[in-house]
file model-v1.txt (compact mmCIF, C-alpha atoms)
# COMPACT_ATOMS: atom_id res chain seq x y z
CA MET H 201 -40.40 20.10 -40.49
CA ARG H 202 -41.28 16.48 -41.34
CA PRO H 203 -39.85 14.92 -44.54
CA ILE H 204 -42.37 14.35 -47.35
CA ALA H 205 -43.30 10.65 -47.61
CA SER H 206 -43.18 8.93 -51.02
CA ALA H 207 -46.29 7.31 -52.62
CA ASP H 208 -44.91 3.83 -51.74
CA GLN H 209 -44.44 4.86 -48.12
CA ARG H 210 -48.02 6.25 -47.97
CA ASN H 211 -49.44 3.05 -49.45
CA CYS H 212 -47.49 0.88 -46.98
CA LYS H 213 -48.96 2.75 -44.06
CA ARG H 214 -52.46 1.69 -45.20
CA GLU H 215 -51.56 -2.02 -45.58
CA THR H 216 -52.78 -4.25 -42.73
CA PRO H 217 -50.94 -6.56 -42.29
CA PRO H 218 -47.97 -5.07 -44.20
CA THR H 219 -46.63 -6.98 -47.22
CA ARG H 220 -43.07 -8.35 -47.41
CA ARG H 221 -42.15 -5.47 -49.78
CA CYS H 222 -43.29 -2.90 -47.20
CA LEU H 223 -41.42 -4.63 -44.38
CA LYS H 224 -38.19 -4.50 -46.42
CA MET H 225 -38.79 -0.80 -47.10
CA LYS H 226 -39.26 -0.07 -43.37
CA ARG H 227 -36.07 -1.93 -42.46
CA ARG H 228 -34.13 0.00 -45.13
CA ASP H 229 -35.45 3.33 -43.84
CA PHE H 230 -34.60 2.37 -40.24
CA LEU H 231 -31.02 1.47 -41.16
CA LYS H 232 -30.55 4.81 -42.96
CA VAL H 233 -31.71 6.74 -39.90
CA SER H 234 -29.55 4.64 -37.54
CA ALA H 235 -26.46 5.10 -39.68
CA ALA H 236 -26.99 8.84 -39.84
CA GLY H 237 -27.43 8.98 -36.05
CA ALA H 238 -24.29 6.93 -35.44
CA ALA H 239 -22.27 9.14 -37.74
CA ALA H 240 -23.46 12.23 -35.93
CA THR H 241 -22.68 10.69 -32.53
CA GLY H 242 -19.21 9.68 -33.69
CA ALA H 243 -18.50 13.16 -34.93
CA ILE H 244 -19.37 14.55 -31.50
CA ALA H 245 -17.77 11.82 -29.33
CA SER H 246 -14.38 11.45 -30.99
CA PRO H 247 -13.05 14.85 -29.99
CA ALA H 248 -14.37 14.34 -26.43
CA ILE H 249 -12.52 11.04 -26.10
CA ALA H 250 -9.35 12.57 -27.47
CA GLN H 251 -9.58 15.46 -25.05
CA SER H 252 -10.03 13.13 -22.06
CA SER H 253 -7.03 10.94 -23.00
CA PRO H 254 -4.07 13.29 -23.41
CA GLU H 255 -0.47 12.09 -23.49
CA ILE H 256 1.02 12.60 -20.03
CA LYS H 257 4.43 11.66 -18.67
CA TRP H 258 5.09 11.66 -14.95
CA ARG H 259 8.10 10.77 -12.82
CA LEU H 260 7.86 8.71 -9.63
CA THR H 261 10.65 8.47 -7.07
CA SER H 262 10.80 5.41 -4.83
CA SER H 263 12.13 5.17 -1.29
CA PHE H 264 13.57 1.74 -2.11
CA PRO H 265 16.43 0.28 -4.17
CA LYS H 266 15.76 -1.87 -7.21
CA SER H 267 17.39 -4.86 -5.50
CA LEU H 268 14.40 -5.12 -3.15
CA ASP H 269 12.28 -6.19 -6.07
CA THR H 270 8.99 -6.69 -4.22
CA ILE H 271 8.66 -3.47 -2.23
CA TYR H 272 10.24 -1.50 -5.10
CA GLY H 273 8.20 -3.57 -7.54
CA GLY H 274 4.95 -2.13 -6.25
CA ALA H 275 5.79 1.11 -8.07
CA THR H 276 6.74 -0.61 -11.32
CA GLU H 277 3.53 -2.62 -11.24
CA LEU H 278 1.56 0.59 -10.72
CA ALA H 279 3.26 2.21 -13.71
CA LYS H 280 2.62 -0.88 -15.86
CA TYR H 281 -1.09 -0.97 -15.02
CA VAL H 282 -1.54 2.74 -15.80
CA ALA H 283 0.24 2.44 -19.14
CA GLU H 284 -1.77 -0.63 -20.16
CA MET H 285 -5.11 0.96 -19.25
CA THR H 286 -4.38 4.11 -21.25
CA ASP H 287 -2.73 2.58 -24.33
CA ASN H 288 0.55 4.13 -23.13
CA LYS H 289 -0.88 7.64 -23.17
CA PHE H 290 -0.30 8.04 -19.43
CA GLN H 291 3.24 6.96 -18.62
CA ILE H 292 4.90 6.97 -15.19
CA GLN H 293 8.68 6.56 -15.12
CA VAL H 294 9.92 4.96 -11.89
CA PHE H 295 13.23 5.97 -10.29
CA ALA H 296 14.93 4.08 -7.45
CA ALA H 297 15.98 5.74 -4.21
CA GLY H 298 18.92 8.05 -4.84
CA GLU H 299 18.44 8.42 -8.60
CA ILE H 300 16.58 11.73 -8.19
CA VAL H 301 16.47 12.24 -4.42
CA PRO H 302 17.42 10.09 -1.40
CA GLY H 303 14.76 7.62 -0.31
CA LEU H 304 13.71 9.55 2.78
CA GLN H 305 13.14 12.72 0.76
CA ALA H 306 10.55 11.17 -1.58
CA LEU H 307 7.57 12.91 0.02
CA ASP H 308 9.25 16.33 -0.04
CA ALA H 309 10.16 15.90 -3.71
CA THR H 310 6.52 15.17 -4.49
CA ALA H 311 5.12 18.01 -2.41
CA ASN H 312 7.45 20.61 -3.96
CA GLY H 313 6.88 19.42 -7.53
CA THR H 314 10.34 17.97 -8.23
CA VAL H 315 8.43 14.82 -9.23
CA GLU H 316 4.74 14.18 -9.68
CA MET H 317 4.64 11.03 -7.53
CA CYS H 318 6.51 8.95 -4.98
CA HIS H 319 6.26 5.45 -3.54
CA THR H 320 7.17 5.39 0.12
CA VAL H 321 6.09 4.56 3.67
CA SER H 322 4.46 7.37 5.59
CA TYR H 323 6.08 6.56 8.93
CA TYR H 324 9.36 7.81 7.44
CA TYR H 325 7.96 11.32 7.93
CA VAL H 326 7.08 11.32 11.63
CA GLY H 327 9.62 14.13 12.01
CA LYS H 328 7.12 16.34 10.19
CA ASP H 329 4.18 15.03 12.19
CA PRO H 330 3.76 11.72 14.09
CA THR H 331 0.30 11.38 12.52
CA PHE H 332 1.99 10.14 9.35
CA ALA H 333 2.87 6.87 11.08
CA ILE H 334 -0.73 5.88 11.75
CA TYR H 335 -1.48 5.49 8.04
CA ALA H 336 1.45 3.13 7.52
CA SER H 337 1.77 1.18 10.77
CA VAL H 338 2.20 1.85 14.45
CA PRO H 339 3.19 -0.49 17.29
CA PHE H 340 0.35 -2.86 18.16
CA GLY H 341 -1.75 -1.54 15.29
CA LEU H 342 -3.69 -3.34 12.56
CA ASN H 343 -2.63 -6.39 10.58
CA ALA H 344 -2.55 -6.19 6.78
CA ARG H 345 -6.15 -7.22 6.12
CA GLN H 346 -7.46 -5.02 8.90
CA GLN H 347 -5.38 -2.11 7.62
CA ASN H 348 -6.90 -2.47 4.15
CA SER H 349 -10.36 -2.78 5.66
CA TRP H 350 -9.93 0.40 7.69
CA LEU H 351 -8.45 2.41 4.83
CA PHE H 352 -10.80 1.29 2.07
CA GLN H 353 -14.04 0.65 3.96
CA GLY H 354 -13.73 2.16 7.43
CA GLY H 355 -13.06 5.80 6.60
CA GLY H 356 -9.28 5.59 7.02
CA ASN H 357 -8.45 6.92 3.55
CA GLU H 358 -10.70 9.91 4.01
CA LEU H 359 -9.06 10.75 7.34
CA ALA H 360 -5.62 10.19 5.84
CA ASN H 361 -6.12 12.50 2.88
CA GLU H 362 -7.68 15.16 5.06
CA PHE H 363 -4.34 15.13 6.89
CA PHE H 364 -2.06 14.65 3.82
CA LYS H 365 -3.69 17.65 2.14
CA LYS H 366 -1.89 19.90 4.62
CA PHE H 367 1.37 18.79 3.02
CA GLY H 368 0.27 19.29 -0.59
CA VAL H 369 -0.19 15.62 -1.49
CA ILE H 370 -2.89 12.98 -1.85
CA GLY H 371 -2.12 9.40 -0.85
CA PHE H 372 -3.18 5.97 -2.12
CA PRO H 373 -2.44 2.60 -0.47
CA CYS H 374 -0.05 0.91 -2.90
CA GLY H 375 1.39 -2.14 -1.17
CA ASN H 376 1.59 -4.00 2.11
CA THR H 377 4.35 -6.26 3.42
CA GLY H 378 2.21 -8.13 5.92
CA THR H 379 3.39 -8.51 9.52
CA GLN H 380 7.13 -7.95 9.61
CA MET H 381 9.83 -9.70 11.59
CA GLY H 382 11.24 -8.29 14.83
CA GLY H 383 14.78 -8.03 13.53
CA TRP H 384 18.29 -9.47 13.77
CA PHE H 385 20.15 -9.47 17.09
CA ARG H 386 23.73 -10.32 17.97
CA LYS H 387 22.60 -11.59 21.38
CA GLU H 388 19.45 -13.15 22.82
CA ILE H 389 16.68 -10.95 24.21
CA LYS H 390 14.94 -12.70 27.08
CA THR H 391 13.95 -9.87 29.40
CA VAL H 392 13.28 -6.15 29.24
CA ALA H 393 16.64 -5.63 30.94
CA ASP H 394 18.34 -7.11 27.85
CA LEU H 395 17.06 -4.12 25.84
CA SER H 396 18.82 -1.56 28.01
CA GLY H 397 21.43 0.33 26.00
CA LEU H 398 20.83 -1.82 22.90
CA LYS H 399 21.72 0.10 19.74
CA PHE H 400 18.90 -0.96 17.45
CA ARG H 401 18.35 0.16 13.88
CA ILE H 402 14.73 1.18 14.10
CA GLY H 403 13.32 4.57 13.29
CA GLY H 404 10.20 6.62 13.48
CA ILE H 405 7.56 6.22 16.10
CA ALA H 406 8.53 2.60 16.88
CA GLY H 407 11.94 3.90 17.90
CA GLN H 408 10.25 6.30 20.32
CA VAL H 409 8.34 3.40 21.91
CA LEU H 410 11.44 1.24 22.29
CA GLN H 411 13.37 4.17 23.69
CA LYS H 412 10.99 4.07 26.65
CA VAL H 413 12.16 0.54 27.49
CA GLY H 414 15.87 1.31 27.23
CA VAL H 415 16.67 0.87 23.53
CA VAL H 416 18.91 3.40 21.77
CA PRO H 417 17.19 3.74 18.36
CA GLN H 418 19.30 4.30 15.25
CA GLN H 419 17.87 5.65 11.98
CA LEU H 420 19.76 4.11 9.05
CA ALA H 421 18.87 3.71 5.38
CA GLY H 422 18.55 0.15 4.10
CA GLY H 423 21.91 0.12 2.36
CA ASP H 424 23.76 1.22 5.52
CA ILE H 425 22.40 -1.45 7.86
CA TYR H 426 24.64 -4.39 6.92
CA PRO H 427 28.01 -2.65 7.37
CA ALA H 428 26.87 -1.09 10.66
CA LEU H 429 25.76 -4.49 11.99
CA GLU H 430 28.92 -6.16 10.71
CA LYS H 431 31.22 -3.62 12.38
CA GLY H 432 29.27 -3.65 15.64
CA THR H 433 28.26 0.00 15.32
CA ILE H 434 24.75 -1.28 16.05
CA ASP H 435 23.69 -4.35 18.03
CA ALA H 436 20.51 -5.19 16.15
CA ALA H 437 18.50 -4.19 13.11
CA GLU H 438 15.06 -4.68 11.65
CA TRP H 439 14.03 -4.36 8.03
CA VAL H 440 11.05 -6.24 6.57
CA GLY H 441 10.92 -10.03 6.57
CA PRO H 442 12.70 -13.20 5.42
CA TYR H 443 12.73 -12.50 1.67
CA ASP H 444 14.14 -8.96 1.83
CA ASP H 445 16.32 -9.63 4.89
CA GLU H 446 17.99 -12.57 3.16
CA LYS H 447 18.75 -10.37 0.15
CA LEU H 448 20.46 -7.85 2.43
CA GLY H 449 22.53 -10.62 4.05
CA PHE H 450 21.76 -9.93 7.70
CA GLN H 451 22.00 -13.65 8.52
CA LYS H 452 25.75 -13.42 7.92
CA VAL H 453 26.35 -10.91 10.71
CA ALA H 454 23.65 -11.60 13.31
CA LYS H 455 22.52 -15.00 14.58
CA TYR H 456 19.18 -14.41 16.30
CA TYR H 457 16.07 -13.59 14.29
CA TYR H 458 13.16 -12.36 16.43
CA TYR H 459 9.43 -12.19 15.79
CA PRO H 460 6.94 -10.63 15.51
CA GLY H 461 7.68 -7.07 14.49
CA PHE H 462 4.93 -5.75 16.74
CA TRP H 463 5.52 -2.23 15.47
CA GLU H 464 4.58 -3.28 11.93
CA GLY H 465 1.58 -5.58 12.02
CA GLY H 466 0.50 -4.66 8.49
CA PRO H 467 2.38 -1.64 7.13
CA THR H 468 0.87 0.15 4.16
CA VAL H 469 3.16 1.47 1.44
CA HIS H 470 1.71 4.61 -0.11
CA ALA H 471 1.80 6.18 -3.55
CA TYR H 472 1.67 9.93 -3.06
CA THR H 473 0.78 12.38 -5.81
CA ASN H 474 1.35 16.11 -5.84
CA LEU H 475 -2.11 17.52 -5.11
CA ASP H 476 -2.06 20.11 -7.91
CA LYS H 477 -0.91 17.50 -10.42
CA TRP H 478 -3.64 15.14 -9.25
CA ASN H 479 -6.32 17.81 -9.63
CA SER H 480 -5.10 18.55 -13.17
CA LEU H 481 -5.62 14.96 -14.34
CA PRO H 482 -8.71 14.11 -16.43
CA LYS H 483 -11.29 12.24 -14.35
CA ASN H 484 -10.77 9.01 -16.26
CA TYR H 485 -7.02 9.14 -15.56
CA GLN H 486 -7.76 9.74 -11.88
CA ALA H 487 -9.94 6.63 -11.86
CA ILE H 488 -7.28 4.61 -13.69
CA LEU H 489 -4.52 5.72 -11.31
CA THR H 490 -6.68 4.95 -8.26
CA ASN H 491 -7.47 1.45 -9.49
CA ALA H 492 -3.85 0.82 -10.48
CA THR H 493 -2.70 1.58 -6.92
CA MET H 494 -5.27 -0.85 -5.57
CA ALA H 495 -4.01 -3.57 -7.93
CA ALA H 496 -0.41 -2.91 -6.88
CA ASN H 497 -1.49 -3.02 -3.24
CA THR H 498 -2.83 -6.55 -3.72
CA TRP H 499 0.16 -7.61 -5.83
CA MET H 500 2.73 -6.70 -3.18
CA ALA H 501 0.99 -8.44 -0.29
CA ALA H 502 0.42 -11.59 -2.33
CA ARG H 503 4.02 -11.66 -3.54
CA TYR H 504 5.49 -11.34 -0.04
CA ASP H 505 3.21 -14.14 1.15
CA MET H 506 4.56 -16.29 -1.67
CA GLN H 507 8.25 -15.45 -1.13
CA ASN H 508 8.64 -15.39 2.65
CA PRO H 509 8.04 -19.09 3.48
CA SER H 510 10.82 -20.42 1.24
CA ALA H 511 13.19 -17.64 2.35
CA LEU H 512 12.56 -18.48 6.01
CA LYS H 513 13.28 -22.16 5.33
CA ARG H 514 16.61 -21.25 3.71
CA LEU H 515 17.58 -18.97 6.59
CA VAL H 516 16.85 -21.58 9.26
CA ALA H 517 18.65 -24.28 7.23
CA GLY H 518 21.66 -21.95 7.12
CA GLY H 519 21.85 -21.63 10.89
CA THR H 520 19.60 -18.70 11.74
CA GLN H 521 18.10 -19.02 15.23
CA LEU H 522 14.42 -18.09 15.33
CA ARG H 523 13.25 -16.60 18.61
CA PRO H 524 9.89 -15.14 19.73
CA PHE H 525 9.82 -12.01 21.83
CA THR H 526 8.81 -12.99 25.35
CA ASN H 527 5.50 -11.89 26.84
CA GLU H 528 7.47 -9.76 29.30
CA VAL H 529 9.01 -7.79 26.44
CA LEU H 530 5.70 -7.49 24.56
CA GLU H 531 3.78 -6.34 27.64
CA ALA H 532 6.40 -3.72 28.50
CA CYS H 533 6.37 -2.40 24.94
CA LEU H 534 2.56 -2.28 24.85
CA LYS H 535 2.55 -0.25 28.06
CA ALA H 536 5.17 2.11 26.61
CA THR H 537 3.12 2.44 23.40
CA ASN H 538 -0.06 3.46 25.22
CA GLU H 539 1.89 5.98 27.29
CA LEU H 540 3.37 7.52 24.14
CA TRP H 541 -0.04 7.77 22.43
CA GLY H 542 -1.36 9.67 25.43
CA GLU H 543 1.60 12.07 25.43
CA ILE H 544 1.35 12.83 21.71
CA SER H 545 -2.46 13.07 21.69
CA ALA H 546 -2.37 15.68 24.46
CA LYS H 547 -0.59 18.13 22.16
CA ASN H 548 -1.46 16.99 18.62
CA PRO H 549 -5.18 16.96 17.67
CA ASP H 550 -4.51 15.40 14.25
CA PHE H 551 -2.74 12.49 15.89
CA LYS H 552 -5.46 12.05 18.51
CA LYS H 553 -8.22 12.03 15.90
CA SER H 554 -6.42 9.43 13.80
CA ILE H 555 -5.18 7.14 16.58
CA ASP H 556 -8.60 7.11 18.27
CA ALA H 557 -10.23 6.11 14.97
CA MET H 558 -7.68 3.37 14.31
CA GLN H 559 -7.89 1.92 17.81
CA ALA H 560 -11.69 1.83 17.77
CA TYR H 561 -11.57 0.00 14.44
CA ARG H 562 -8.91 -2.39 15.79
CA SER H 563 -11.10 -3.30 18.76
CA ASP H 564 -14.02 -4.36 16.58
CA GLU H 565 -11.76 -6.17 14.11
CA TYR H 566 -10.16 -8.31 16.80
CA LEU H 567 -13.54 -9.01 18.36
CA TRP H 568 -14.42 -10.66 15.06
CA TRP H 569 -10.93 -12.11 14.51
CA GLN H 570 -11.02 -14.12 17.73
CA VAL H 571 -14.25 -15.81 16.67
CA ALA H 572 -13.38 -17.14 13.22
CA GLU H 573 -10.00 -16.08 11.81
CA TYR H 574 -7.84 -16.78 14.88
CA THR H 575 -9.65 -20.02 15.72
CA TYR H 576 -9.29 -21.35 12.20
CA ASP H 577 -5.67 -20.28 11.77
CA SER H 578 -4.67 -21.67 15.16
CA PHE H 579 -6.13 -25.08 14.35
CA MET H 580 -4.57 -25.15 10.87
CA ILE H 581 -1.15 -24.18 12.24
CA ARG H 582 -1.30 -27.06 14.73
CA SER H 583 -2.45 -29.56 12.11
CA ARG H 584 -0.61 -28.37 8.99
CA THR H 585 1.75 -31.38 8.90
CA ARG H 586 -1.05 -33.94 9.18
CA GLY H 587 -2.75 -33.28 5.87
call {"tool": "encode", "arguments": {"input": "model-v1.txt", "output": "C-alpha cells"}}
result
Amino acid sequence: MRPIASADQRNCKRETPPTRRCLKMKRRDFLKVSAAGAAATGAIASPAIAQSSPEIKWRLTSSFPKSLDTIYGGATELAKYVAEMTDNKFQIQVFAAGEIVPGLQALDATANGTVEMCHTVSYYYVGKDPTFAIYASVPFGLNARQQNSWLFQGGGNELANEFFKKFGVIGFPCGNTGTQMGGWFRKEIKTVADLSGLKFRIGGIAGQVLQKVGVVPQQLAGGDIYPALEKGTIDAAEWVGPYDDEKLGFQKVAKYYYYPGFWEGGPTVHAYTNLDKWNSLPKNYQAILTNATMAANTWMAARYDMQNPSALKRLVAGGTQLRPFTNEVLEACLKATNELWGEISAKNPDFKKSIDAMQAYRSDEYLWWQVAEYTYDSFMIRSRTRG
C-alpha cells in the first residue's frame, strides 16, 4: 500500500518547474527514506558481521629456534598480520621448535590436532613420502622466483594441496630463503673422489642424491650441528646461508665454505593448517590467513636478501675460504639426481606427477631466464664495482 500524500506534496507534483520550497521538501523526504533504509540495513548487517568475525585462538609450532630470527620470524610475521587484519579477533600463538614438539614433528602435530598450524619445510617429511620434497626444494630444482611462479601461477599449489590432503593438512607458501650455500667443509672438495666416505650433515632427498656419489649423509637438527662438526663426528654440514650460518658459528670449526647449494635453489617454507580446522574457519578468516602467508613469504625472502651480503663480508674478512663446487662435482650430482627421480617415479605415482610438472615448468622458466634475467645479472655482476 502506498502512503497517502499530503496537500503540499500533491501541489508540488503539479509545479513545473518546481519552486525552491518544493525542492527543499523533496530533499527532506529523500533523506528520511535514506535514513530509514540505512537503519534497516544496519540492523540486518551487524549480526552478520559479528558472526563472521568470531574470536579464535590457534597455536602454531615452528620447526626452527627463535635464535634464527628470519626463518623463525616468518611465523611471527604471519601471526602479526592475521591479528592486525582481524582487530586481534583471530590470534595465532607461535611456539619455537621443542616448546610443544620437536622441530621435525611439526607436521605430525598439525595433522593429529595437537596444534592447529605449523611452520616448517616439507622436505623434512620425505620419510613419509618423497613427494613432500618437491614442494620445498629438490636438487637442481627451481630458484626462489621460479618456485613462487610455479606455486602461485603455474598450478603448483593445487598439485601440492591435492597431495597434502592425504595427510590431513593444507599448505601455504610462507617464506623462502633464496638459493642456499653448499655448506661448511673441513677439507677442500675438488673432485667427486673427495666426496667418498664424507660424513655430511644433509638430510632428506638431497642426502639420497649425494649418497649416490659416495657421501655418507647425516640427519641432524640445527642445534646439534656445531658440536658434531667441532668434535669431528661429521666432516661437513650445510644449513642455510651466510646470515644463519654465522649465527650458528660454523666458521669457527670449518674453514671452507662451498657454493651453491644445488639441492636448495629456492626452498619454500610452508605454513600447514589442520584441514578440519581450516574448513571450520569463516571464509573471511580463510582469505585473511591466505594473504598473511603470502605477505610473510615475501618478507622472508626480502629479509634474507638484505642480511646475507653483509654476513658474507664478515665471514670472508674473518678468514672463511669461499669455494665453488667444480663442474665435475655438479655434473656427477646432476646425473645422480636424474637417476634417483627415475627410480622413485617408477614406484610412486604422486612423485612422478609432481616432479614431471616441476621439471616442465623449470624448462620453460630457464628458456626465458637465459634471454633476459641471466644476461642482465651476468653483466651487472661483472660491472658492479664500476658504477
call {"tool": "residues_around", "arguments": {"input": "model-v1.txt", "residues": "stretch 481-487 of chain H", "least_positions_apart": "5", "cutoff": "10 Å", "atoms": "all atoms listed in the file", "output": "VMD selection string"}}
result
chain H and resid 251 to 254 256 282 285 to 286 289 to 290 476 492
call {"tool": "atom_distance", "arguments": {"input": "model-v1.txt", "atom1": "atom CA of H:Leu567", "atom2": "atom CA of H:Gly375"}}
result
25.5 Å
call {"tool": "closest_residue", "arguments": {"input": "model-v1.txt", "among": "H:His470, H:Lys535, H:Lys431, H:Lys399", "to": "H:Thr261", "atoms": "all atoms listed in the file"}}
result
H:His470
call {"tool": "residues_around", "arguments": {"input": "model-v1.txt", "residues": "H:Glu277", "least_positions_apart": "3", "cutoff": "10 Å", "atoms": "all atoms listed in the file", "output": "ChimeraX atom specification"}}
result
/H:270,272-274,280-283,294,374,492-493,495-497,499-500
call {"tool": "residues_around", "arguments": {"input": "model-v1.txt", "residues": "H:Ala536", "least_positions_apart": "5", "cutoff": "9 Å", "atoms": "all atoms listed in the file", "output": "JSON, numbers by chain"}}
result
{"H": [409, 410, 411, 412, 413, 531, 541]}
call {"tool": "atom_distance", "arguments": {"input": "model-v1.txt", "atom1": "atom CA of H:Ile292", "atom2": "atom CA of H:Thr377"}}
result
22.8 Å
call {"tool": "atom_distance", "arguments": {"input": "model-v1.txt", "atom1": "atom CA of H:Phe295", "atom2": "atom CA of H:Tyr472"}}
result
14.2 Å
call {"tool": "closest_residue", "arguments": {"input": "model-v1.txt", "among": "H:Pro339, H:Pro302, H:Pro330, H:Gly354", "to": "H:Tyr561", "atoms": "all atoms listed in the file"}}
result
H:Gly354
call {"tool": "closest_residue", "arguments": {"input": "model-v1.txt", "among": "H:Gly397, H:Gly414, H:Gly341, H:Gly466", "to": "H:Val321", "atoms": "only C-alpha atoms"}}
result
H:Gly466
call {"tool": "closest_residue", "arguments": {"input": "model-v1.txt", "among": "H:Ala279, H:Leu475, H:Val338, H:Ile389", "to": "H:Phe525", "atoms": "only C-alpha atoms"}}
result
H:Ile389
call {"tool": "closest_residue", "arguments": {"input": "model-v1.txt", "among": "H:Met317, H:Leu489, H:Ala406, H:Ala306", "to": "H:Gln293", "atoms": "only C-alpha atoms"}}
result
H:Met317
call {"tool": "closest_residue", "arguments": {"input": "model-v1.txt", "among": "H:Gly518, H:Pro427, H:Pro509, H:Gly407", "to": "H:Cys533", "atoms": "only C-alpha atoms"}}
result
H:Gly407
call {"tool": "residues_near_point", "arguments": {"input": "model-v1.txt", "point": "(22.6, -4.1, 9.1)", "cutoff": "10 Å", "atoms": "all atoms listed in the file", "output": "PyMOL selection string"}}
result
chain H and resi 383-385+400-401+420-439+445+448-454
call {"tool": "build_atoms", "arguments": {"input": "model-v1.txt", "residues": "stretch 360-376 of chain H", "atoms": "N, CA, C and O atoms", "output": "JSON list (two decimals), keeping the file's coordinate frame"}}
result
[["chain", "number", "residue", "atom", "x", "y", "z"],
["H", 360, "ALA", "N", -7.01, 10.04, 6.27],
["H", 360, "ALA", "CA", -5.62, 10.19, 5.84],
["H", 360, "ALA", "C", -5.44, 11.37, 4.90],
["H", 360, "ALA", "O", -4.56, 12.22, 5.09],
["H", 361, "ASN", "N", -6.30, 11.44, 3.88],
["H", 361, "ASN", "CA", -6.12, 12.50, 2.88],
["H", 361, "ASN", "C", -6.54, 13.87, 3.39],
["H", 361, "ASN", "O", -6.06, 14.89, 2.89],
["H", 362, "GLU", "N", -7.40, 13.89, 4.38],
["H", 362, "GLU", "CA", -7.68, 15.16, 5.06],
["H", 362, "GLU", "C", -6.40, 15.69, 5.71],
["H", 362, "GLU", "O", -6.12, 16.89, 5.70],
["H", 363, "PHE", "N", -5.61, 14.76, 6.26],
["H", 363, "PHE", "CA", -4.34, 15.13, 6.89],
["H", 363, "PHE", "C", -3.26, 15.40, 5.84],
["H", 363, "PHE", "O", -2.54, 16.40, 5.90],
["H", 364, "PHE", "N", -3.11, 14.50, 4.85],
["H", 364, "PHE", "CA", -2.06, 14.65, 3.82],
["H", 364, "PHE", "C", -2.20, 15.96, 3.05],
["H", 364, "PHE", "O", -1.21, 16.52, 2.56],
["H", 365, "LYS", "N", -3.43, 16.42, 2.90],
["H", 365, "LYS", "CA", -3.69, 17.65, 2.14],
["H", 365, "LYS", "C", -2.90, 18.83, 2.70],
["H", 365, "LYS", "O", -2.49, 19.73, 1.96],
["H", 366, "LYS", "N", -2.65, 18.82, 3.99],
["H", 366, "LYS", "CA", -1.89, 19.90, 4.62],
["H", 366, "LYS", "C", -0.46, 19.96, 4.12],
["H", 366, "LYS", "O", 0.22, 20.98, 4.27],
["H", 367, "PHE", "N", 0.00, 18.87, 3.52],
["H", 367, "PHE", "CA", 1.37, 18.79, 3.02],
["H", 367, "PHE", "C", 1.43, 18.81, 1.49],
["H", 367, "PHE", "O", 2.47, 18.53, 0.89],
["H", 368, "GLY", "N", 0.29, 19.12, 0.86],
["H", 368, "GLY", "CA", 0.27, 19.29, -0.59],
["H", 368, "GLY", "C", 0.26, 18.02, -1.40],
["H", 368, "GLY", "O", 0.62, 18.02, -2.58],
["H", 369, "VAL", "N", -0.17, 16.89, -0.77],
["H", 369, "VAL", "CA", -0.19, 15.62, -1.49],
["H", 369, "VAL", "C", -1.50, 14.90, -1.22],
["H", 369, "VAL", "O", -2.22, 15.21, -0.27],
["H", 370, "ILE", "N", -1.79, 13.92, -2.07],
["H", 370, "ILE", "CA", -2.89, 12.98, -1.85],
["H", 370, "ILE", "C", -2.28, 11.58, -1.88],
["H", 370, "ILE", "O", -1.38, 11.30, -2.68],
["H", 371, "GLY", "N", -2.74, 10.71, -0.97],
["H", 371, "GLY", "CA", -2.12, 9.40, -0.85],
["H", 371, "GLY", "C", -3.05, 8.25, -1.22],
["H", 371, "GLY", "O", -4.26, 8.33, -1.01],
["H", 372, "PHE", "N", -2.45, 7.17, -1.74],
["H", 372, "PHE", "CA", -3.18, 5.97, -2.12],
["H", 372, "PHE", "C", -2.44, 4.74, -1.60],
["H", 372, "PHE", "O", -1.24, 4.60, -1.87],
["H", 373, "PRO", "N", -3.10, 3.84, -0.87],
["H", 373, "PRO", "CA", -2.44, 2.60, -0.47],
["H", 373, "PRO", "C", -1.94, 1.87, -1.71],
["H", 373, "PRO", "O", -2.68, 1.65, -2.67],
["H", 374, "CYS", "N", -0.66, 1.48, -1.70],
["H", 374, "CYS", "CA", -0.05, 0.91, -2.90],
["H", 374, "CYS", "C", 0.95, -0.18, -2.51],
["H", 374, "CYS", "O", 2.07, -0.20, -2.99],
["H", 375, "GLY", "N", 0.54, -1.04, -1.58],
["H", 375, "GLY", "CA", 1.39, -2.14, -1.17],
["H", 375, "GLY", "C", 1.28, -2.40, 0.31],
["H", 375, "GLY", "O", 0.94, -1.51, 1.09],
["H", 376, "ASN", "N", 1.56, -3.64, 0.70],
["H", 376, "ASN", "CA", 1.59, -4.00, 2.11],
["H", 376, "ASN", "C", 2.51, -5.21, 2.25],
["H", 376, "ASN", "O", 2.43, -6.14, 1.45]]
